[in-house]
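Asker: Input file: run32.pdb. Contents: PDB, C-alpha atoms and all ligand atoms.
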```
ATOM      1  CA  MET Y  15     -20.604  -9.468   3.651
ATOM      2  CA  THR Y  16     -22.767  -9.184   6.702
ATOM      3  CA  SER Y  17     -23.795  -5.627   7.553
ATOM      4  CA  SER Y  18     -21.922  -3.472  10.043
ATOM      5  CA  PRO Y  19     -18.192  -3.822  10.769
ATOM      6  CA  GLY Y  20     -17.426  -5.682  13.957
ATOM      7  CA  SER Y  21     -21.114  -6.056  14.846
ATOM      8  CA  SER Y  22     -21.299  -9.818  15.110
ATOM      9  CA  ALA Y  23     -19.309 -12.990  15.511
ATOM     10  CA  GLU Y  24     -20.376 -13.930  11.991
ATOM     11  CA  HIS Y  25     -18.994 -10.696  10.577
ATOM     12  CA  ARG Y  26     -15.690 -11.185  12.405
ATOM     13  CA  ALA Y  27     -15.446 -14.758  11.152
ATOM     14  CA  GLU Y  28     -16.047 -13.476   7.641
ATOM     15  CA  LEU Y  29     -13.263 -10.892   7.950
ATOM     16  CA  LEU Y  30     -10.913 -13.479   9.404
ATOM     17  CA  ALA Y  31     -11.628 -15.775   6.458
ATOM     18  CA  LEU Y  32     -10.959 -12.931   3.991
ATOM     19  CA  ALA Y  33      -7.664 -12.187   5.731
ATOM     20  CA  GLY Y  34      -6.792 -15.884   5.535
ATOM     21  CA  THR Y  35      -7.432 -15.926   1.785
ATOM     22  CA  ALA Y  36      -5.348 -12.760   1.321
ATOM     23  CA  ALA Y  37      -2.495 -14.205   3.370
ATOM     24  CA  GLU Y  38      -2.477 -17.555   1.620
ATOM     25  CA  LEU Y  39      -2.459 -15.996  -1.849
ATOM     26  CA  ALA Y  40       0.107 -13.318  -1.043
ATOM     27  CA  ARG Y  41       2.466 -15.901   0.413
ATOM     28  CA  SER Y  42       2.108 -18.447  -2.383
ATOM     29  CA  VAL Y  43       2.405 -15.881  -5.189
ATOM     30  CA  GLY Y  44       5.313 -14.269  -3.327
ATOM     31  CA  GLY Y  45       7.121 -17.614  -3.404
ATOM     32  CA  VAL Y  46       6.601 -17.813  -7.156
ATOM     33  CA  ILE Y  47       7.934 -14.319  -7.874
ATOM     34  CA  ARG Y  48      10.952 -14.944  -5.699
ATOM     35  CA  SER Y  49      11.761 -18.081  -7.716
ATOM     36  CA  LEU Y  50      11.189 -16.237 -10.981
ATOM     37  CA  ARG Y  51      13.582 -13.524  -9.774
ATOM     38  CA  GLU Y  52      16.290 -16.107  -9.204
ATOM     39  CA  ALA Y  53      15.837 -17.264 -12.796
ATOM     40  CA  GLY Y  54      16.378 -13.675 -14.110
ATOM     41  CA  VAL Y  55      14.164 -10.716 -14.964
ATOM     42  CA  ASP Y  56      13.636  -8.556 -18.011
ATOM     43  CA  VAL Y  57      11.381  -5.597 -18.713
ATOM     44  CA  ALA Y  58       8.308  -6.809 -20.610
ATOM     45  CA  ASP Y  59       6.640  -3.425 -21.111
ATOM     46  CA  THR Y  60       6.427   0.139 -19.822
ATOM     47  CA  LYS Y  61       3.426   2.142 -18.584
ATOM     48  CA  THR Y  62       3.251   5.836 -17.570
ATOM     49  CA  SER Y  63       6.900   6.494 -18.482
ATOM     50  CA  ALA Y  64       9.966   4.574 -19.642
ATOM     51  CA  ASN Y  65      10.825   4.090 -15.953
ATOM     52  CA  ASP Y  66       7.426   2.603 -15.047
ATOM     53  CA  VAL Y  67       8.183  -0.989 -15.969
ATOM     54  CA  VAL Y  68       6.293  -4.259 -16.059
ATOM     55  CA  THR Y  69       8.071  -7.604 -15.918
ATOM     56  CA  ALA Y  70       6.761 -10.983 -17.023
ATOM     57  CA  ALA Y  71       6.692 -11.845 -13.311
ATOM     58  CA  ASP Y  72       4.237  -8.982 -12.600
ATOM     59  CA  ARG Y  73       1.907 -10.461 -15.194
ATOM     60  CA  GLU Y  74       2.334 -14.043 -14.087
ATOM     61  CA  ALA Y  75       1.793 -13.042 -10.441
ATOM     62  CA  GLU Y  76      -1.383 -11.152 -11.287
ATOM     63  CA  ARG Y  77      -2.615 -14.129 -13.326
ATOM     64  CA  LEU Y  78      -1.995 -16.416 -10.340
ATOM     65  CA  LEU Y  79      -3.703 -14.017  -7.927
ATOM     66  CA  THR Y  80      -6.724 -13.712 -10.210
ATOM     67  CA  GLU Y  81      -6.918 -17.462 -10.723
ATOM     68  CA  GLY Y  82      -6.604 -18.100  -6.969
ATOM     69  CA  LEU Y  83      -9.312 -15.557  -6.160
ATOM     70  CA  ARG Y  84     -11.652 -16.962  -8.818
ATOM     71  CA  ILE Y  85     -11.334 -20.359  -7.146
ATOM     72  CA  ALA Y  86     -11.533 -19.171  -3.521
ATOM     73  CA  ARG Y  87     -14.056 -16.355  -3.982
ATOM     74  CA  PRO Y  88     -15.736 -16.818  -7.382
ATOM     75  CA  ASP Y  89     -18.371 -14.085  -6.923
ATOM     76  CA  ASP Y  90     -16.077 -11.279  -5.723
ATOM     77  CA  GLY Y  91     -14.714  -8.484  -7.906
ATOM     78  CA  ILE Y  92     -11.006  -8.032  -8.669
ATOM     79  CA  LEU Y  93      -8.948  -4.945  -9.520
ATOM     80  CA  GLY Y  94      -5.270  -5.420 -10.277
ATOM     81  CA  GLU Y  95      -2.348  -3.155 -11.129
ATOM     82  CA  GLU Y  96      -1.605  -4.984 -14.351
ATOM     83  CA  GLY Y  97      -5.166  -4.719 -15.645
ATOM     84  CA  ALA Y  98      -7.174  -7.416 -13.863
ATOM     85  CA  SER Y  99     -10.753  -6.197 -13.703
ATOM     86  CA  VAL Y 100     -13.589  -8.477 -12.668
ATOM     87  CA  GLU Y 101     -17.080  -7.321 -11.654
ATOM     88  CA  GLY Y 102     -18.374  -9.069  -8.558
ATOM     89  CA  SER Y 103     -21.772  -9.537  -6.949
ATOM     90  CA  THR Y 104     -20.855  -9.873  -3.241
ATOM     91  CA  GLY Y 105     -19.827  -6.304  -2.423
ATOM     92  CA  ILE Y 106     -16.194  -7.395  -2.006
ATOM     93  CA  THR Y 107     -13.567  -6.279  -4.520
ATOM     94  CA  TRP Y 108     -10.039  -7.593  -4.205
ATOM     95  CA  VAL Y 109      -7.462  -4.916  -4.916
ATOM     96  CA  VAL Y 110      -4.157  -6.559  -5.744
ATOM     97  CA  ASP Y 111      -0.624  -5.488  -6.552
ATOM     98  CA  PRO Y 112       1.269  -8.526  -7.841
ATOM     99  CA  ILE Y 113       4.653  -6.861  -7.293
ATOM    100  CA  ASP Y 114       4.746  -3.558  -5.442
ATOM    101  CA  GLY Y 115       8.298  -2.363  -5.872
ATOM    102  CA  THR Y 116       8.787  -3.576  -9.433
ATOM    103  CA  VAL Y 117      11.919  -1.482  -9.966
ATOM    104  CA  ASN Y 118      13.494  -3.030  -6.853
ATOM    105  CA  TYR Y 119      12.495  -6.438  -8.194
ATOM    106  CA  LEU Y 120      14.104  -5.659 -11.549
ATOM    107  CA  TYR Y 121      17.386  -4.660  -9.884
ATOM    108  CA  GLY Y 122      17.449  -7.485  -7.342
ATOM    109  CA  LEU Y 123      16.798  -5.162  -4.409
ATOM    110  CA  PRO Y 124      14.895  -6.813  -1.561
ATOM    111  CA  ALA Y 125      12.029  -4.354  -0.989
ATOM    112  CA  TYR Y 126       9.246  -5.772  -3.126
ATOM    113  CA  ALA Y 127       5.954  -7.203  -1.988
ATOM    114  CA  VAL Y 128       2.737  -8.890  -3.012
ATOM    115  CA  SER Y 129      -0.260  -6.920  -1.754
ATOM    116  CA  VAL Y 130      -3.772  -8.370  -1.537
ATOM    117  CA  ALA Y 131      -6.752  -6.535  -0.013
ATOM    118  CA  ALA Y 132     -10.446  -7.278   0.265
ATOM    119  CA  THR Y 133     -12.256  -3.953  -0.039
ATOM    120  CA  VAL Y 134     -15.834  -2.701   0.197
ATOM    121  CA  LEU Y 135     -17.352   0.422  -1.353
ATOM    122  CA  ASP Y 136     -17.377   3.286   1.134
ATOM    123  CA  ASP Y 137     -18.288   6.777   0.006
ATOM    124  CA  SER Y 138     -18.568   8.306   3.468
ATOM    125  CA  PRO Y 139     -17.038  11.797   3.681
ATOM    126  CA  ALA Y 140     -13.503  12.498   4.817
ATOM    127  CA  THR Y 141     -13.041  11.708   8.489
ATOM    128  CA  ALA Y 142      -9.507  11.670   9.822
ATOM    129  CA  GLY Y 143      -8.237   8.142  10.048
ATOM    130  CA  ALA Y 144     -11.578   6.449   9.247
ATOM    131  CA  GLY Y 145     -10.156   3.935   6.789
ATOM    132  CA  ASN Y 146     -12.010   4.947   3.649
ATOM    133  CA  THR Y 147      -9.810   6.162   0.852
ATOM    134  CA  ALA Y 148     -10.093   8.508  -2.108
ATOM    135  CA  ASP Y 149     -10.868   5.695  -4.536
ATOM    136  CA  GLY Y 150     -14.208   5.174  -2.784
ATOM    137  CA  ARG Y 151     -13.247   1.957  -1.025
ATOM    138  CA  ARG Y 152     -12.226   0.705   2.391
ATOM    139  CA  ALA Y 153     -10.055  -2.342   2.933
ATOM    140  CA  VAL Y 154     -11.576  -4.759   5.440
ATOM    141  CA  ALA Y 155      -8.948  -7.509   5.283
ATOM    142  CA  GLY Y 156      -5.567  -7.817   3.654
ATOM    143  CA  ALA Y 157      -2.051  -9.129   3.500
ATOM    144  CA  VAL Y 158       1.315  -7.899   2.287
ATOM    145  CA  TYR Y 159       4.048 -10.495   1.811
ATOM    146  CA  LEU Y 160       7.742  -9.647   1.492
ATOM    147  CA  PRO Y 161       9.259 -12.730  -0.141
ATOM    148  CA  VAL Y 162      12.923 -11.861   0.481
ATOM    149  CA  THR Y 163      12.550 -11.548   4.247
ATOM    150  CA  ASP Y 164       9.659 -14.035   4.433
ATOM    151  CA  GLU Y 165       7.545 -11.495   6.297
ATOM    152  CA  LEU Y 166       3.776 -11.775   6.079
ATOM    153  CA  PHE Y 167       1.812  -8.766   7.330
ATOM    154  CA  THR Y 168      -1.904  -9.354   7.815
ATOM    155  CA  ALA Y 169      -4.877  -7.461   9.184
ATOM    156  CA  TRP Y 170      -8.633  -7.423   9.270
ATOM    157  CA  GLU Y 171     -10.825  -4.543  10.315
ATOM    158  CA  GLY Y 172     -11.127  -4.462  14.083
ATOM    159  CA  GLY Y 173      -8.817  -7.448  14.505
ATOM    160  CA  GLY Y 174      -5.422  -5.764  14.778
ATOM    161  CA  ALA Y 175      -2.389  -6.301  12.550
ATOM    162  CA  GLU Y 176       0.119  -9.128  12.699
ATOM    163  CA  LEU Y 177       3.555  -9.912  11.344
ATOM    164  CA  ASN Y 178       4.053 -13.646  10.835
ATOM    165  CA  GLY Y 179       1.237 -14.234  13.318
ATOM    166  CA  VAL Y 180       2.626 -11.948  16.024
ATOM    167  CA  PRO Y 181       0.485  -8.879  16.885
ATOM    168  CA  LEU Y 182       2.030  -5.535  15.922
ATOM    169  CA  ALA Y 183       2.067  -2.714  18.444
ATOM    170  CA  GLY Y 184       2.694  -0.059  15.779
ATOM    171  CA  PRO Y 185       4.995   2.911  15.868
ATOM    172  CA  ALA Y 186       5.605   4.943  19.008
ATOM    173  CA  GLU Y 187       4.843   8.666  18.993
ATOM    174  CA  ALA Y 188       7.904  10.699  17.888
ATOM    175  CA  PRO Y 189       8.384  14.418  17.364
ATOM    176  CA  LEU Y 190       8.573  15.492  13.715
ATOM    177  CA  GLY Y 191      12.190  16.532  14.174
ATOM    178  CA  GLY Y 192      13.075  13.025  15.357
ATOM    179  CA  ALA Y 193      11.004  11.103  12.833
ATOM    180  CA  LEU Y 194      12.294   8.689  10.203
ATOM    181  CA  VAL Y 195       9.917   9.343   7.316
ATOM    182  CA  GLY Y 196       9.323   7.155   4.285
ATOM    183  CA  THR Y 197       8.227   8.598   0.966
ATOM    184  CA  GLY Y 198       8.285   7.734  -2.716
ATOM    185  CA  PHE Y 199       8.400   9.248  -6.166
ATOM    186  CA  GLY Y 200       6.119   8.775  -9.152
ATOM    187  CA  TYR Y 201       7.353   7.771 -12.565
ATOM    188  CA  THR Y 202       6.686  10.886 -14.632
ATOM    189  CA  VAL Y 203       9.273  13.653 -14.813
ATOM    190  CA  GLU Y 204       6.724  16.304 -13.760
ATOM    191  CA  ARG Y 205       5.499  14.345 -10.730
ATOM    192  CA  ARG Y 206       8.931  13.361  -9.441
ATOM    193  CA  THR Y 207      10.376  16.844  -9.940
ATOM    194  CA  GLU Y 208       7.563  18.264  -7.830
ATOM    195  CA  GLN Y 209       8.105  15.515  -5.221
ATOM    196  CA  ALA Y 210      11.825  16.254  -5.091
ATOM    197  CA  GLU Y 211      11.021  19.898  -4.328
ATOM    198  CA  VAL Y 212       8.633  18.849  -1.554
ATOM    199  CA  VAL Y 213      11.163  16.458  -0.031
ATOM    200  CA  ARG Y 214      13.774  19.240  -0.163
ATOM    201  CA  GLN Y 215      11.504  21.252   2.106
ATOM    202  CA  VAL Y 216      10.550  18.363   4.395
ATOM    203  CA  ILE Y 217      14.002  16.836   4.992
ATOM    204  CA  PRO Y 218      15.375  19.676   7.143
ATOM    205  CA  ARG Y 219      12.383  19.219   9.462
ATOM    206  CA  VAL Y 220      12.705  15.453  10.142
ATOM    207  CA  ARG Y 221      15.353  12.988  11.367
ATOM    208  CA  ASP Y 222      15.793  11.562   7.861
ATOM    209  CA  ILE Y 223      13.984  10.358   4.766
ATOM    210  CA  ARG Y 224      13.801   6.815   3.368
ATOM    211  CA  ARG Y 225      12.821   6.009  -0.228
ATOM    212  CA  ILE Y 226      12.278   2.295   0.037
ATOM    213  CA  GLY Y 227      10.576   1.864  -3.342
ATOM    214  CA  SER Y 228       7.429  -0.017  -2.379
ATOM    215  CA  ALA Y 229       4.512   1.834  -0.833
ATOM    216  CA  ALA Y 230       2.954  -1.370   0.509
ATOM    217  CA  THR Y 231       6.258  -2.130   2.240
ATOM    218  CA  ASP Y 232       6.522   1.427   3.618
ATOM    219  CA  LEU Y 233       3.104   1.126   5.252
ATOM    220  CA  CYS Y 234       3.977  -2.271   6.743
ATOM    221  CA  LEU Y 235       7.325  -0.998   8.042
ATOM    222  CA  LEU Y 236       5.387   1.798   9.702
ATOM    223  CA  ALA Y 237       3.069  -0.800  11.245
ATOM    224  CA  ALA Y 238       6.145  -2.603  12.548
ATOM    225  CA  GLY Y 239       7.630   0.607  13.978
ATOM    226  CA  ARG Y 240      10.579   0.563  11.562
ATOM    227  CA  LEU Y 241       9.477   3.903  10.117
ATOM    228  CA  ASP Y 242       7.859   6.666  12.160
ATOM    229  CA  ALA Y 243       5.754   8.096   9.353
ATOM    230  CA  TYR Y 244       5.188   7.973   5.613
ATOM    231  CA  TYR Y 245       3.774  10.239   2.920
ATOM    232  CA  GLU Y 246       3.442  10.048  -0.824
ATOM    233  CA  ARG Y 247       1.530  11.665  -3.657
ATOM    234  CA  GLY Y 248       0.291   9.779  -6.718
ATOM    235  CA  LEU Y 249      -0.351   6.353  -5.205
ATOM    236  CA  GLN Y 250      -2.875   4.016  -6.772
ATOM    237  CA  PRO Y 251      -5.354   1.835  -4.831
ATOM    238  CA  TRP Y 252      -3.316  -1.344  -5.347
ATOM    239  CA  ASP Y 253      -0.221   0.353  -3.862
ATOM    240  CA  TYR Y 254      -1.929   1.204  -0.573
ATOM    241  CA  ALA Y 255      -5.141  -0.848  -0.066
ATOM    242  CA  ALA Y 256      -3.710  -3.593   2.155
ATOM    243  CA  GLY Y 257      -0.962  -1.403   3.634
ATOM    244  CA  VAL Y 258      -3.374   1.265   4.856
ATOM    245  CA  LEU Y 259      -5.421  -1.334   6.714
ATOM    246  CA  ILE Y 260      -2.304  -2.950   8.222
ATOM    247  CA  ALA Y 261      -0.922   0.408   9.357
ATOM    248  CA  ARG Y 262      -4.270   1.484  10.823
ATOM    249  CA  GLU Y 263      -4.806  -1.807  12.605
ATOM    250  CA  ALA Y 264      -1.336  -1.418  14.122
ATOM    251  CA  GLY Y 265      -2.426   1.938  15.564
ATOM    252  CA  ALA Y 266      -1.355   4.443  12.896
ATOM    253  CA  VAL Y 267      -3.685   7.029  11.416
ATOM    254  CA  VAL Y 268      -3.850   7.578   7.671
ATOM    255  CA  LEU Y 269      -4.705  11.055   6.426
ATOM    256  CA  GLY Y 270      -5.219  12.937   3.180
ATOM    257  CA  ARG Y 271      -3.912  16.356   2.263
ATOM    258  CA  ASP Y 272      -6.275  18.080   4.731
ATOM    259  CA  ASP Y 273      -9.410  17.411   6.757
ATOM    260  CA  ALA Y 274     -11.602  17.669   3.687
ATOM    261  CA  SER Y 275      -9.610  15.077   1.698
ATOM    262  CA  LEU Y 276      -9.391  11.344   1.931
ATOM    263  CA  PRO Y 277      -5.998   9.632   1.674
ATOM    264  CA  GLY Y 278      -5.181   8.451  -1.832
ATOM    265  CA  ASP Y 279      -3.846   9.691  -5.127
ATOM    266  CA  GLU Y 280      -3.630  13.366  -4.087
ATOM    267  CA  LEU Y 281      -1.729  12.595  -0.882
ATOM    268  CA  LEU Y 282      -1.488   9.788   1.632
ATOM    269  CA  ILE Y 283       0.093  10.503   5.005
ATOM    270  CA  ALA Y 284       0.473   7.917   7.751
ATOM    271  CA  GLY Y 285       1.907   7.905  11.222
ATOM    272  CA  THR Y 286       0.990   8.049  14.864
ATOM    273  CA  PRO Y 287      -1.866  10.478  15.598
ATOM    274  CA  VAL Y 288       0.246  13.501  16.593
ATOM    275  CA  LEU Y 289       3.112  12.934  14.164
ATOM    276  CA  ALA Y 290       0.806  12.291  11.183
ATOM    277  CA  ARG Y 291      -0.818  15.680  11.796
ATOM    278  CA  GLU Y 292       2.567  17.414  12.048
ATOM    279  CA  LEU Y 293       3.753  15.753   8.859
ATOM    280  CA  GLN Y 294       0.470  16.612   7.122
ATOM    281  CA  ALA Y 295       1.041  20.277   7.952
ATOM    282  CA  ALA Y 296       4.677  20.180   6.809
ATOM    283  CA  VAL Y 297       3.854  18.436   3.527
ATOM    284  CA  ALA Y 298       0.830  20.654   2.844
ATOM    285  CA  GLU Y 299       3.026  23.718   3.429
ATOM    286  CA  ALA Y 300       5.624  22.377   1.003
ATOM    287  CA  TYR Y 301       3.004  21.690  -1.680
ATOM    288  CA  ALA Y 302       1.369  25.072  -1.108
ATOM    289  CA  GLY Y 303       4.779  26.675  -1.655
ATOM    290  CA  LEU Y 304       4.926  25.122  -5.128
ATOM    291  CA  GLY Y 305       1.862  27.112  -6.145
ATOM    292  CA  GLY Y 306      -1.108  25.579  -7.912
ATOM    293  CA  SER Y 307      -0.297  21.946  -6.967
TER     294      SER Y 307
HETATM  295  C1  LIG Y 401       5.509   1.861  -6.903
HETATM  296  C2  LIG Y 401       5.634   2.039  -5.429
HETATM  297  C3  LIG Y 401       6.674   3.046  -5.075
HETATM  298  C4  LIG Y 401       6.046   4.352  -5.442
HETATM  299  C5  LIG Y 401       5.768   4.395  -6.916
HETATM  300  C6  LIG Y 401       5.029   3.185  -7.430
HETATM  301  P1  LIG Y 401       5.089  -0.334  -8.373
HETATM  302  O1  LIG Y 401       4.651   0.802  -7.268
HETATM  303  O2  LIG Y 401       4.976   1.443  -4.514
HETATM  304  O3  LIG Y 401       7.052   3.107  -3.740
HETATM  305  O4  LIG Y 401       6.875   5.388  -5.042
HETATM  306  O5  LIG Y 401       5.056   5.559  -7.179
HETATM  307  O6  LIG Y 401       3.669   3.309  -7.302
HETATM  308  O7  LIG Y 401       5.111   0.400  -9.667
HETATM  309  O8  LIG Y 401       6.421  -0.818  -7.979
HETATM  310  O9  LIG Y 401       4.028  -1.340  -8.265
END
```
For the structure just supplied, provide its representation as structure tokens.
Answerer:
Amino acid sequence: MTSSPGSSAEHRAELLALAGTAAELARSVGGVIRSLREAGVDVADTKTSANDVVTAADREAERLLTEGLRIARPDDGILGEEGASVEGSTGITWVVDPIDGTVNYLYGLPAYAVSVAATVLDDSPATAGAGNTADGRRAVAGAVYLPVTDELFTAWEGGGAELNGVPLAGPAEAPLGGALVGTGFGYTVERRTEQAEVVRQVIPRVRDIRRIGSAATDLCLLAAGRLDAYYERGLQPWDYAAGVLIAREAGAVVLGRDDASLPGDELLIAGTPVLARELQAAVAEAYAGLGGS
């Protein structure tokens, strides 16, 4: 990559090309998983708990993403949910989730997505809404494709976010009490029990809660203004890399648990600038009430 973000026409062209690669791969692999779904799905394996499943389609999709990236960008690194791990030499690492929303996919529910992000290392300290995340990276271009609705969300740093080529204006500011808030639950009993307690405390303070089942989709729905805000604990880089960039480029801010934390595994909170702060306070209060979390 050329040096500083947005500094030159060459840098912008590079980001645009990365976004193009992400979009092309997400869309083509999304078409494959949709066809595989029509042919039937079975659990191939489990991961962190019996409920954290992997299907043959997850593996095939990650194989296709890896193969496509090796052809398009042979010197870049790759990190994938199902184990893809390739060291690169260009400074770009692709963070991919072949199917985000695997449980939805298994049950034939529509909210699943292919998420592809080009990321760079960024260890700058926590700065509200700066784009760097707790895993030490920052997405600079990415795409999330929802095969069932044929919706392709794309973004590159400084270039705005688009849905099927149409610029996204992002969510409008809403008061916490009138906000439709997305969240999700992890797969372990301990994590989801804690999350249920937090949601019990948050739900009386918002319009309503949605558990859509795909973090990448949640962040894109926020970018499209179909959710007002989103929070979740326990996300992995492949769940949020592309979605965080898309949400930010649509005008949302993405926060961690507090000003000293970056968004990521511990907590990721997204929304319009005022609402995200209000939600951050409400969620932090709920977690603090659990004691020791
Ligand atoms: C899942 C999600 C879901 C979240 C889960 C999990 P998977 O990803 O995106 O919304 O709540 O914790 O990470 O397993 O479907 O790729």
Asker: Point out the residue among Y:Arg206, Y:Ala169, Y:Thr147, Y:Ala266 with the least atom-to-atom distance to Leu281 (chain Y), counting all atoms listed in the file.
Answerer: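 Under the stated criterion, the closest residue is Y:Thr147.
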Asker: Using only the atoms of ligand LIG 401 (chain Y) listed in the file, plus 8 Å on each side, state the axis-aligned box centre and edge lengths in Å rounded to one decimal, as JSON.
Answerer:
```
{"center_x": 5.4, "center_y": 2.1, "center_z": -6.7, "size_x": 19.4, "size_y": 22.9, "size_z": 21.9}
```
Asker: What do you get as a PyMOL selection string if you pick all residues at most 7 Å from ligand LIG 401 (chain Y), counting all atoms listed in the file?
Answerer: chain Y and resi 66+111+113-117+197-201+226-230+248-250+253
Asker: Can you list every residue of region 230-280 of chain Y that has an atom at most 10 Å from region 182-190 of chain Y, with its nearest atom pair and the distance in Å to one decimal, using all atoms listed in the file, ordered by chain then number, as JSON lines?
Answerer:
```
{"residue": "Y:Cys234", "atom": "CA", "partner": "Y:Gly184", "partner_atom": "CA", "distance": 9.4}
{"residue": "Y:Leu235", "atom": "CA", "partner": "Y:Pro185", "partner_atom": "CA", "distance": 9.1}
{"residue": "Y:Leu236", "atom": "CA", "partner": "Y:Pro185", "partner_atom": "CA", "distance": 6.3}
{"residue": "Y:Ala237", "atom": "CA", "partner": "Y:Gly184", "partner_atom": "CA", "distance": 4.6}
{"residue": "Y:Ala238", "atom": "CA", "partner": "Y:Gly184", "partner_atom": "CA", "distance": 5.4}
{"residue": "Y:Gly239", "atom": "CA", "partner": "Y:Pro185", "partner_atom": "CA", "distance": 4.0}
{"residue": "Y:Arg240", "atom": "CA", "partner": "Y:Pro185", "partner_atom": "CA", "distance": 7.4}
{"residue": "Y:Leu241", "atom": "CA", "partner": "Y:Pro185", "partner_atom": "CA", "distance": 7.4}
{"residue": "Y:Asp242", "atom": "CA", "partner": "Y:Pro185", "partner_atom": "CA", "distance": 6.0}
{"residue": "Y:Ala243", "atom": "CA", "partner": "Y:Pro185", "partner_atom": "CA", "distance": 8.4}
{"residue": "Y:Ile260", "atom": "CA", "partner": "Y:Leu182", "partner_atom": "CA", "distance": 9.2}
{"residue": "Y:Ala261", "atom": "CA", "partner": "Y:Gly184", "partner_atom": "CA", "distance": 7.4}
{"residue": "Y:Arg262", "atom": "CA", "partner": "Y:Gly184", "partner_atom": "CA", "distance": 8.7}
{"residue": "Y:Glu263", "atom": "CA", "partner": "Y:Gly184", "partner_atom": "CA", "distance": 8.3}
{"residue": "Y:Ala264", "atom": "CA", "partner": "Y:Gly184", "partner_atom": "CA", "distance": 4.6}
{"residue": "Y:Gly265", "atom": "CA", "partner": "Y:Gly184", "partner_atom": "CA", "distance": 5.5}
{"residue": "Y:Ala266", "atom": "CA", "partner": "Y:Gly184", "partner_atom": "CA", "distance": 6.7}
```
Asker: So which residues get picked by the PyMOL selection byres (((chain Y and resi 29-37) around 9) and not hetatm) here, written as a VMD selection string?
Answerer: chain Y and resid 15 20 24 to 28 38 to 42 83 86 to 87 108 129 to 132 154 to 159 166 to 171 173
Asker: With 7 Å as the threshold, what does the neighbourhood of (4.2, 12.1, 3.6) contain in terms of residues, counting only C-alpha atoms? Coordinates are those of the file; answer as a ChimeraX atom specification.
Answerer: /Y:197,244-246,282-284,293-294,297
Asker: I'd like the residues picked by the PyMOL selection byres (((chain Y and resi 120) around 8) and not hetatm) written out as a PyMOL selection string, using the chain letters and numbers from the file.
Answerer: chain Y and resi 55-57+69+116-119+121-123
Asker: Can you work out the spacing between CA of Arg151 (chain Y) and CA of Asp136 (chain Y) in Å, to one decimal?
Answerer: 4.8 Å
Asker: Grab region 300-304 of chain Y from that structure and dump all heavy atoms to a file, as a compact mmCIF listing (two decimals), in the first residue's frame.
Answerer:
```
# COMPACT_ATOMS: atom_id res chain seq x y z
N ALA Y 300 -24.62 -1.97 32.49
CA ALA Y 300 -25.15 -3.33 32.64
C ALA Y 300 -24.03 -4.32 32.94
O ALA Y 300 -24.16 -5.17 33.83
CB ALA Y 300 -25.92 -3.74 31.38
N TYR Y 301 -22.91 -4.20 32.22
CA TYR Y 301 -21.79 -5.12 32.49
C TYR Y 301 -21.20 -4.87 33.88
O TYR Y 301 -20.85 -5.82 34.58
CB TYR Y 301 -20.70 -5.00 31.41
CG TYR Y 301 -20.96 -5.94 30.25
CD1 TYR Y 301 -21.40 -5.47 29.02
CD2 TYR Y 301 -20.81 -7.32 30.40
CE1 TYR Y 301 -21.66 -6.34 27.96
CE2 TYR Y 301 -21.06 -8.20 29.37
CZ TYR Y 301 -21.48 -7.70 28.15
OH TYR Y 301 -21.75 -8.58 27.12
N ALA Y 302 -21.11 -3.58 34.26
CA ALA Y 302 -20.55 -3.28 35.57
C ALA Y 302 -21.41 -3.90 36.68
O ALA Y 302 -20.90 -4.41 37.67
CB ALA Y 302 -20.45 -1.77 35.77
N GLY Y 303 -22.73 -3.92 36.44
CA GLY Y 303 -23.66 -4.49 37.40
C GLY Y 303 -23.47 -6.00 37.58
O GLY Y 303 -23.88 -6.58 38.57
N LEU Y 304 -22.85 -6.65 36.60
CA LEU Y 304 -22.63 -8.09 36.71
C LEU Y 304 -21.50 -8.40 37.69
O LEU Y 304 -21.40 -9.50 38.21
CB LEU Y 304 -22.23 -8.69 35.36
CG LEU Y 304 -23.24 -8.56 34.23
CD1 LEU Y 304 -22.68 -9.20 32.97
CD2 LEU Y 304 -24.55 -9.21 34.60
```
